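Colleague: I'd like to ask you about the structure that follows.
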Amino acid sequence: MSNNVRLLSTDFDGTLVAHHSDPVLDAGCMKLIEELQKQGVIWAINTGRSMPLLESGLADFDFPVHPDFILTSERDVFRRGSNGTRWEPYGAWNTQVARDHAELYASASSVFSEVVEFVNQKTRAQVIHEQDFPEGLIARDEEEMRRIISFIDAARARHPKFHYQHNTIYLRFCHADYHKGAALAELSRLLEIPREQIFAAGDHFNDLSMLDGRYAEFPACPANAIDEVKGTVRDAGGYVAESECGAGVREALLYFTS
Ligand SMILES: [Mg+2]
């Protein structure tokens, strides 16, 4: 137990947002985050969503509380904007992220081509392009995703910096050095809040990097998290909640902060 938590890093879909429940948000969880914010705790949403998709999610689900920071696309770090913009890059991190990814697209182009060819010819998944580059893909189901990941894991053996983040049927290609954990570490560095004062919660594969204890002393997951996440959280000495989604996050926050 500890009342030492100063920074929260929470996933969005499946962690705060219960898509298959009504209501989708847990009122008690929202209230607790609001109270913690009033006590000076900083809240970041750490998500695979892009900034525009997160903004539309916050609006669509009518969030009663607002994050202080958003970490988007499993890599970028934004703070509240100063000149009327809602969010602005925090520090030079996002520029470095973009540069490293541009270099990756150049140096690993043959791996990208091989993967895209496999997906187009051997699966019914859809490759998503951003400008001219393959950004990621959407599989038809999780079984198809497993098949694609086996192929990618073999293909990336000759280019270890070529990696991916995935969550159910969604996969995003990325540089191996960037993931939710790395984005959280950068926010931790900029805010000068050490890992010993950080709480993190998530439910799926793309959350593993922030739940293994490297970047957050207090990892947690809701009851609906996949087994890999529960195992990682337990191994890191974290808290696996009895309740699902937001109610589970609330349970974990109470465990670590009261
Ligand atoms: Mg999730």
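Residue numbering restarts at 1 for every chain of the structure tokens, chains are lettered A, B, ... in their displayed order, and ligands are numbered from 1 as they appear.
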Mind checking DSSP for segment 4-92 of chain A and telling me the strand (DSSP E or B) residues as a list of chain:residue names?

Modeller: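 DSSP on the backbone gives strand (DSSP E or B) at A:Leu7, A:Leu8, A:Ser9, A:Thr10, A:Asp13, A:Val17, A:Ile42, A:Trp43, A:Ala44, A:Ile45, A:Asn46, A:Phe69, A:Ile70, A:Leu71, A:Thr72, A:Asp76, A:Val77, A:Phe78, A:Arg79, A:Arg80, A:Trp87, A:Glu88, A:Pro89.
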
Colleague: Env of segment 122-138 of chain A: 8 Å cut, atoms = only C-alpha atoms, seq-sep filter 6 positions within chain, self excluded. Answer as a ChimeraX atom specification.

Modeller: /A:105,112,116,144,169-173

Colleague: Since we have the selection now, will you write its residues out, keeping N, CA, C and O atoms, as a short mmCIF file (atom, residue, chain, number, x, y, z; two decimals), in the first residue's frame?

Modeller:
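Writing done, so here's selection-v3.cif:
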data_model
loop_
_atom_site.label_atom_id
_atom_site.label_comp_id
_atom_site.auth_asym_id
_atom_site.auth_seq_id
_atom_site.Cartn_x
_atom_site.Cartn_y
_atom_site.Cartn_z
N TYR A 105 11.16 3.25 -41.82
CA TYR A 105 10.46 2.96 -43.08
C TYR A 105 11.48 2.83 -44.22
O TYR A 105 11.33 2.01 -45.12
N PHE A 112 8.70 -4.31 -44.64
CA PHE A 112 7.35 -3.76 -44.83
C PHE A 112 6.70 -4.39 -46.07
O PHE A 112 5.55 -4.84 -46.01
N VAL A 116 3.29 -6.61 -46.11
CA VAL A 116 2.11 -6.12 -46.82
C VAL A 116 1.69 -7.11 -47.91
O VAL A 116 0.49 -7.40 -48.08
N GLU A 144 -7.06 -14.59 -37.27
CA GLU A 144 -6.31 -14.09 -38.42
C GLU A 144 -5.14 -13.22 -37.94
O GLU A 144 -4.03 -13.28 -38.48
N ILE A 169 -8.01 -6.88 -32.94
CA ILE A 169 -7.84 -7.03 -34.40
C ILE A 169 -7.02 -5.90 -35.01
O ILE A 169 -6.87 -5.83 -36.23
N TYR A 170 -6.50 -5.02 -34.18
CA TYR A 170 -5.75 -3.85 -34.68
C TYR A 170 -4.25 -4.03 -34.47
O TYR A 170 -3.81 -4.48 -33.41
N LEU A 171 -3.49 -3.66 -35.47
CA LEU A 171 -2.03 -3.73 -35.35
C LEU A 171 -1.43 -2.46 -35.96
O LEU A 171 -1.88 -2.01 -37.01
N ARG A 172 -0.44 -1.91 -35.26
CA ARG A 172 0.27 -0.75 -35.81
C ARG A 172 1.75 -1.10 -35.90
O ARG A 172 2.33 -1.60 -34.94
N PHE A 173 2.36 -0.84 -37.06
CA PHE A 173 3.80 -1.05 -37.19
C PHE A 173 4.51 0.05 -36.42
O PHE A 173 4.04 1.20 -36.37
#

Colleague: Just give me the gap between atom CA of Phe61 of chain A and atom CA of Gly248 of chain A in Å, one decimal is fine.

Modeller: 18.1 Å

Colleague: Mind listing the residues within 12 Å of ligand 1, only C-alpha atoms and all ligand atoms counted, as a VMD selection string?

Modeller: chain A and resid 10 to 19 45 to 49 74 165 to 170 180 201 to 208 221 to 222 224 to 226 229 244 to 246

Colleague: Give me, please, the distance in Å between atom CA of Arg75 of chain A and atom CA of Asp177 of chain A, quoted to one decimal.

Modeller: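 Those two atoms sit 9.5 Å apart.
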
Colleague: Counting only C-alpha atoms, what is within 8 Å of Val65 of chain A, bar same-chain residues fewer than 4 positions away, as a list in words?

Modeller: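 Near Val65 of chain A, the qualifying residues are Met30, Ile33 and Glu34 of chain A.
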
Colleague: Kindly save the residues from that selection, with N, CA, C and O atoms included, as a CSV table (one decimal), in the first residue's frame.

Modeller:
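Writing done, so here's selection.csv:
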chain,number,residue,atom,x,y,z
A,30,MET,N,-14.5,7.8,-12.3
A,30,MET,CA,-14.4,9.2,-12.8
A,30,MET,C,-14.3,10.1,-11.6
A,30,MET,O,-13.4,11.0,-11.6
A,33,ILE,N,-10.8,9.8,-9.9
A,33,ILE,CA,-9.8,10.4,-10.7
A,33,ILE,C,-9.9,11.9,-10.5
A,33,ILE,O,-8.8,12.6,-10.3
A,34,GLU,N,-11.1,12.4,-10.5
A,34,GLU,CA,-11.3,13.9,-10.3
A,34,GLU,C,-10.7,14.3,-8.9
A,34,GLU,O,-10.0,15.3,-8.8

Colleague: For Leu7 of chain A, work out the shell of residues within 12 Å, counting only C-alpha atoms and skipping chain neighbours fewer than 3 positions away, then give it as a PyMOL selection string.

Modeller: chain A and resi 3-4+10+33+36-37+39-46+67-69+184-185+187-189+191-201+215-219+253+257

Colleague: Could you jot down the atom CA of Tyr239 of chain A to atom CA of Asp227 of chain A separation for me, Å, one decimal place?

Modeller: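 Answer for the atom CA of Tyr239 of chain A to atom CA of Asp227 of chain A separation: 13.5 Å.
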
Colleague: Step one, run DSSP on the backbone; step two, keep only residues of segment 16-162 of chain A assigned to alpha helix (DSSP H); then write them as an MDAnalysis selection string.

Modeller: chainID A and resid 27:38 51:60 93:107 109:122 142:155

Colleague: Neighbours of Phe63 of chain A within 8 Å (only C-alpha atoms; same-chain residues fewer than 4 positions away dropped), as a PDB file with all heavy atoms, in the first residue's frame?

Modeller:
ATOM      1  N   LEU A  25     -18.959   4.363 -18.915  1.00  0.00           N
ATOM      2  CA  LEU A  25     -18.008   4.868 -17.921  1.00  0.00           C
ATOM      3  C   LEU A  25     -18.481   4.524 -16.521  1.00  0.00           C
ATOM      4  O   LEU A  25     -19.680   4.546 -16.241  1.00  0.00           O
ATOM      5  CB  LEU A  25     -17.869   6.389 -18.033  1.00  0.00           C
ATOM      6  CG  LEU A  25     -17.357   6.941 -19.356  1.00  0.00           C
ATOM      7  CD1 LEU A  25     -17.268   8.460 -19.288  1.00  0.00           C
ATOM      8  CD2 LEU A  25     -15.998   6.348 -19.707  1.00  0.00           C
ATOM      9  N   LEU A  58     -13.359  10.967 -26.183  1.00  0.00           N
ATOM     10  CA  LEU A  58     -13.639  11.722 -24.951  1.00  0.00           C
ATOM     11  C   LEU A  58     -14.966  12.471 -25.077  1.00  0.00           C
ATOM     12  O   LEU A  58     -15.733  12.567 -24.120  1.00  0.00           O
ATOM     13  CB  LEU A  58     -12.501  12.717 -24.670  1.00  0.00           C
ATOM     14  CG  LEU A  58     -11.171  12.098 -24.211  1.00  0.00           C
ATOM     15  CD1 LEU A  58     -10.042  13.127 -24.283  1.00  0.00           C
ATOM     16  CD2 LEU A  58     -11.283  11.544 -22.792  1.00  0.00           C
ATOM     17  N   ALA A  59     -15.242  12.964 -26.287  1.00  0.00           N
ATOM     18  CA  ALA A  59     -16.497  13.691 -26.520  1.00  0.00           C
ATOM     19  C   ALA A  59     -17.678  12.719 -26.609  1.00  0.00           C
ATOM     20  O   ALA A  59     -18.698  12.905 -25.950  1.00  0.00           O
ATOM     21  CB  ALA A  59     -16.390  14.527 -27.795  1.00  0.00           C
TER      22      ALA A  59
END

Colleague: Tell me, as an MDAnalysis selection string, which residues lie within 9 Å of Trp93 of chain A, counting only C-alpha atoms; anything in the same chain fewer than 6 positions away does not count.

Modeller: chainID A and resid 76:77 183 186

Colleague: Save the residues we just selected, C-alpha atoms, as a compact mmCIF listing (two decimals), in the first residue's frame?

Modeller:
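Saved the output as again.txt:
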# COMPACT_ATOMS: atom_id res chain seq x y z
CA ASP A 76 3.37 10.44 -28.93
CA VAL A 77 3.28 12.74 -25.88
CA ALA A 183 5.99 7.27 -23.89
CA GLU A 186 9.34 10.28 -21.38

Colleague: Ranking A:Pro64, A:Gly213, A:Pro52, A:Pro160 by minimum distance to Gly181 of chain A and counting only C-alpha atoms, which one comes first?

Modeller: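 Selected residue with least distance to Gly181 of chain A: A:Gly213.
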